[in-house]
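Have a look at model_26.cif below; it lists mmCIF, C-alpha atoms and all ligand atoms.
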data_run
loop_
_atom_site.group_PDB
_atom_site.id
_atom_site.type_symbol
_atom_site.label_atom_id
_atom_site.label_comp_id
_atom_site.auth_asym_id
_atom_site.auth_seq_id
_atom_site.Cartn_x
_atom_site.Cartn_y
_atom_site.Cartn_z
ATOM 1 C CA MET A 179 0.000 0.000 0.000
ATOM 2 C CA ARG A 180 1.248 3.424 -0.911
ATOM 3 C CA ILE A 181 1.719 5.989 1.861
ATOM 4 C CA HIS A 182 -0.585 8.860 1.124
ATOM 5 C CA GLY A 183 0.577 11.407 3.717
ATOM 6 C CA ARG A 184 -2.030 14.044 4.400
ATOM 7 C CA ALA A 185 -4.085 13.230 1.360
ATOM 8 C CA ARG A 186 -7.558 11.830 1.747
ATOM 9 C CA VAL A 187 -8.362 8.633 -0.077
ATOM 10 C CA ASP A 188 -11.905 7.941 -1.123
ATOM 11 C CA PRO A 189 -12.391 5.005 -3.500
ATOM 12 C CA THR A 190 -15.808 6.291 -4.504
ATOM 13 C CA ASN A 191 -14.490 9.786 -5.297
ATOM 14 C CA PRO A 192 -10.838 9.503 -6.324
ATOM 15 C CA GLN A 193 -8.852 12.736 -6.401
ATOM 16 C CA ALA A 194 -5.381 13.524 -7.631
ATOM 17 C CA PHE A 195 -2.522 13.818 -5.174
ATOM 18 C CA GLY A 196 -0.059 16.668 -5.118
ATOM 19 C CA VAL A 197 3.069 17.576 -3.188
ATOM 20 C CA CYS A 198 3.259 20.890 -1.370
ATOM 21 C CA ASP A 199 6.067 22.944 -2.908
ATOM 22 C CA ARG A 200 7.249 24.057 0.544
ATOM 23 C CA CYS A 201 6.910 21.147 2.982
ATOM 24 C CA ARG A 202 6.827 18.333 0.393
ATOM 25 C CA PHE A 203 3.974 16.594 2.159
ATOM 26 C CA LEU A 204 1.462 14.757 0.053
ATOM 27 C CA TYR A 205 -2.004 16.333 -0.133
ATOM 28 C CA ASN A 206 -4.975 16.201 -2.387
ATOM 29 C CA LEU A 207 -4.301 18.526 -5.263
ATOM 30 C CA VAL A 208 -7.530 20.403 -4.617
ATOM 31 C CA ASP A 209 -6.210 21.328 -1.148
ATOM 32 C CA LEU A 210 -3.088 23.012 -2.521
ATOM 33 C CA VAL A 211 -3.427 26.685 -3.323
ATOM 34 C CA PHE A 212 -1.240 29.043 -5.311
ATOM 35 C CA GLN A 213 1.066 31.329 -3.371
ATOM 36 C CA HIS A 214 0.735 35.025 -4.195
ATOM 37 C CA GLU A 215 3.047 37.898 -3.349
ATOM 38 C CA TRP A 216 2.983 41.662 -3.731
ATOM 39 C CA ARG A 217 4.863 42.963 -6.751
ATOM 40 C CA GLY A 218 4.304 46.630 -7.142
ATOM 41 C CA ASN A 219 0.735 47.451 -6.312
ATOM 42 C CA ARG A 220 -0.781 44.102 -7.186
ATOM 43 C CA LEU A 221 -0.577 40.464 -6.232
ATOM 44 C CA ILE A 222 1.162 38.076 -8.600
ATOM 45 C CA ASN A 223 1.066 34.329 -8.677
ATOM 46 C CA LEU A 224 4.379 32.711 -7.715
ATOM 47 C CA TRP A 225 3.134 29.435 -9.230
ATOM 48 C CA LEU A 226 3.926 27.587 -6.029
ATOM 49 C CA ARG A 227 1.203 25.189 -4.922
ATOM 50 C CA VAL A 228 1.310 25.078 -1.168
ATOM 51 C CA CYS A 229 -0.797 23.584 1.584
ATOM 52 C CA ARG A 230 -2.802 25.747 3.984
ATOM 53 C CA ARG A 231 -0.101 25.401 6.651
ATOM 54 C CA CYS A 232 2.606 26.711 4.341
ATOM 55 C CA LEU A 233 0.547 29.463 2.756
ATOM 56 C CA ASP A 234 1.971 32.906 3.458
ATOM 57 C CA ILE A 235 -0.654 35.601 3.480
ATOM 58 C CA PRO A 236 0.837 38.557 1.607
ATOM 59 C CA HIS A 237 1.301 41.298 4.162
ATOM 60 C CA GLU A 238 0.657 44.947 3.503
ATOM 61 C CA PHE A 239 4.175 45.780 4.735
ATOM 62 C CA THR A 240 5.674 44.058 1.701
ATOM 63 C CA ARG A 241 3.497 46.183 -0.540
ATOM 64 C CA PRO A 242 5.371 49.252 -1.695
ATOM 65 C CA ALA A 243 3.903 52.529 -0.595
ATOM 66 C CA ILE A 244 2.580 54.540 -3.482
ATOM 67 C CA LEU A 245 3.265 58.146 -2.659
ATOM 68 C CA PRO A 246 1.185 60.896 -4.140
ATOM 69 C CA PRO A 247 2.942 63.137 -6.614
ATOM 70 C CA ASP A 248 4.796 66.181 -5.399
ATOM 71 C CA PRO A 249 2.778 69.350 -5.319
ATOM 72 C CA LEU A 250 3.110 71.638 -8.253
ATOM 73 C CA PRO A 251 5.745 74.312 -7.765
ATOM 74 C CA VAL A 252 4.569 77.828 -7.307
ATOM 75 C CA TYR A 253 5.288 80.472 -9.841
ATOM 76 C CA GLN A 254 8.045 82.909 -8.839
ATOM 77 C CA PRO A 255 8.657 81.653 -5.288
ATOM 78 C CA ARG A 256 10.098 83.921 -2.624
ATOM 79 C CA PRO A 257 11.843 81.654 -0.066
ATOM 80 C CA ASP A 258 13.120 83.192 3.134
ATOM 81 C CA ASP A 259 16.833 83.207 3.947
ATOM 82 C CA ALA A 260 16.558 81.297 7.247
ATOM 83 C CA ALA A 261 19.184 78.745 6.173
ATOM 84 C CA ALA A 262 21.676 81.443 5.267
ATOM 85 C CA SER A 263 21.127 83.266 8.551
ATOM 86 C CA GLU A 264 22.052 80.115 10.531
ATOM 87 C CA GLY A 265 25.608 80.277 9.209
ATOM 88 C CA PRO A 266 27.677 77.683 7.381
ATOM 89 C CA ALA A 267 26.931 74.009 7.800
ATOM 90 C CA PRO A 268 29.115 72.167 10.344
ATOM 91 C CA ALA A 269 32.135 70.457 8.874
ATOM 92 C CA ASN A 270 32.082 66.747 8.199
ATOM 93 C CA LEU A 271 34.668 65.319 10.584
ATOM 94 C CA TYR A 272 35.533 62.403 8.337
ATOM 95 C CA VAL A 273 36.180 64.643 5.347
ATOM 96 C CA GLN A 274 38.162 66.983 7.578
ATOM 97 C CA GLN A 275 40.291 64.031 8.730
ATOM 98 C CA LEU A 276 41.064 63.097 5.143
ATOM 99 C CA VAL A 277 42.004 66.657 4.228
ATOM 100 C CA THR A 278 44.008 67.625 7.300
ATOM 101 C CA GLY A 279 45.212 64.223 8.507
ATOM 102 C CA GLN A 280 44.137 65.107 12.051
ATOM 103 C CA PRO A 281 42.712 62.185 14.075
ATOM 104 C CA LEU A 282 39.057 62.174 14.893
ATOM 105 C CA PRO A 283 38.078 63.539 18.291
ATOM 106 C CA ALA A 284 37.657 60.930 20.992
ATOM 107 C CA PRO A 285 34.028 59.893 21.248
ATOM 108 C CA PRO A 286 32.406 59.946 24.682
ATOM 109 C CA THR A 287 31.552 56.263 24.302
ATOM 110 C CA GLY A 288 34.878 54.895 25.515
ATOM 111 C CA LEU A 289 35.368 53.028 22.257
ATOM 112 C CA PRO A 290 38.865 53.071 20.771
ATOM 113 C CA VAL A 291 39.586 55.912 18.383
ATOM 114 C CA PRO A 292 40.170 54.666 14.831
ATOM 115 C CA ARG A 293 43.558 55.310 13.352
ATOM 116 C CA PRO A 294 43.765 57.949 10.639
ATOM 117 C CA ILE A 295 43.363 56.573 7.158
ATOM 118 C CA GLN A 296 46.718 56.039 5.505
ATOM 119 C CA LEU A 297 46.571 57.008 1.898
ATOM 120 C CA ALA A 298 48.744 55.087 -0.540
ATOM 121 C CA ASP A 299 51.939 56.833 -1.593
HETATM 122 ZN ZN ZN B 1 3.120 22.633 2.965
#
Just dump the structure as structure tokens.
Ligand SMILES: [Zn+2]
Amino acid sequence: MRIHGRARVDPTNPQAFGVCDRCRFLYNLVDLVFQHEWRGNRLINLWLRVCRRCLDIPHEFTRPAILPPDPLPVYQPRPDDAAASEGPAPANLYVQQLVTGQPLPAPPTGLPVPRPIQLAD
């Protein structure tokens, strides 16, 4: 006698068997469903026939967020000069280290200070 796993056998109503593409258990083919996944803004069929235990419900988090378009720009804008009044942007310490060769300031974390990058001669 053949082992029929999780498939039901009914001699009066024979049904095809099928193997779940994830767990490889034997089921009735009618009990296997196609796995879908978000691609873009719609569900696509992955053509995997899986049992109910292995079926992953596509979650909304895997669906990419469709953002609305940017607003139309205004004609002849007059932005304020708040950014200019705050002064120059603070220097990037890592770029400053590359330019000047000075080591980075010791962080307050107690972690060892990395050595300055040695450029090839
Ligand atoms: Zn399965």
For chain A against ligand ZN 1 (chain B), with a cut-off of 10 Å and counting all atoms listed in the file, what is the closest atom pair and its distance in Å to one decimal for every residue that makes the cut, ordered by chain and number, as a tab-separated table?
residue	atom	partner	partner_atom	distance
A:Val197	CA	B:ZN1	ZN	8.0
A:Cys198	CA	B:ZN1	ZN	4.7
A:Asp199	CA	B:ZN1	ZN	6.6
A:Arg200	CA	B:ZN1	ZN	5.0
A:Cys201	CA	B:ZN1	ZN	4.1
A:Arg202	CA	B:ZN1	ZN	6.2
A:Phe203	CA	B:ZN1	ZN	6.2
A:Leu204	CA	B:ZN1	ZN	8.6
A:Tyr205	CA	B:ZN1	ZN	8.7
A:Leu210	CA	B:ZN1	ZN	8.3
A:Val211	CA	B:ZN1	ZN	9.9
A:Arg227	CA	B:ZN1	ZN	8.5
A:Val228	CA	B:ZN1	ZN	5.1
A:Cys229	CA	B:ZN1	ZN	4.3
A:Arg230	CA	B:ZN1	ZN	6.8
A:Arg231	CA	B:ZN1	ZN	5.6
A:Cys232	CA	B:ZN1	ZN	4.3
A:Leu233	CA	B:ZN1	ZN	7.3
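Rounded to one decimal, atom CA of A:Gly279 and atom CA of A:Ala262 lie 29.3 Å from each other.
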Could you check how far atom CA of A:Phe239 sits from atom CA of A:Gln213, in Å to one decimal?
16.9 Å
For A:Glu215, which residue out of A:Pro281, A:Pro192, A:Pro236, A:Pro242 is the nearest one, using only C-alpha atoms?
A:Pro236
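For the structure shown here, the set of residues caught by the PyMOL selection byres (((chain A and resi 186) around 12) and not hetatm) is Ile181, His182, Gly183, Arg184, Ala185, Val187, Asp188, Pro189, Thr190, Asn191, Pro192, Gln193, Ala194, Phe195, Gly196, Leu204, Tyr205, Asn206, Leu207, Val208 and Asp209 of chain A.
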Rounded to one decimal in Å, what is the spacing between atom CA of A:Ala261 and atom CA of A:Leu276?
26.9 Å
Give me the residues near A:Ala243 as an mmCIF file with C-alpha atoms, keeping the file's coordinate frame, where near means some atom within 12 Å (using all atoms listed in the file) and where sequence neighbours in that chain fewer than 2 positions away do not count.
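Now in part.cif:
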data_model
loop_
_atom_site.group_PDB
_atom_site.id
_atom_site.type_symbol
_atom_site.label_atom_id
_atom_site.label_comp_id
_atom_site.auth_asym_id
_atom_site.auth_seq_id
_atom_site.Cartn_x
_atom_site.Cartn_y
_atom_site.Cartn_z
ATOM 1 C CA TRP A 216 2.983 41.662 -3.731
ATOM 2 C CA ARG A 217 4.863 42.963 -6.751
ATOM 3 C CA GLY A 218 4.304 46.630 -7.142
ATOM 4 C CA ASN A 219 0.735 47.451 -6.312
ATOM 5 C CA ARG A 220 -0.781 44.102 -7.186
ATOM 6 C CA GLU A 238 0.657 44.947 3.503
ATOM 7 C CA PHE A 239 4.175 45.780 4.735
ATOM 8 C CA THR A 240 5.674 44.058 1.701
ATOM 9 C CA ARG A 241 3.497 46.183 -0.540
ATOM 10 C CA LEU A 245 3.265 58.146 -2.659
ATOM 11 C CA PRO A 246 1.185 60.896 -4.140
#
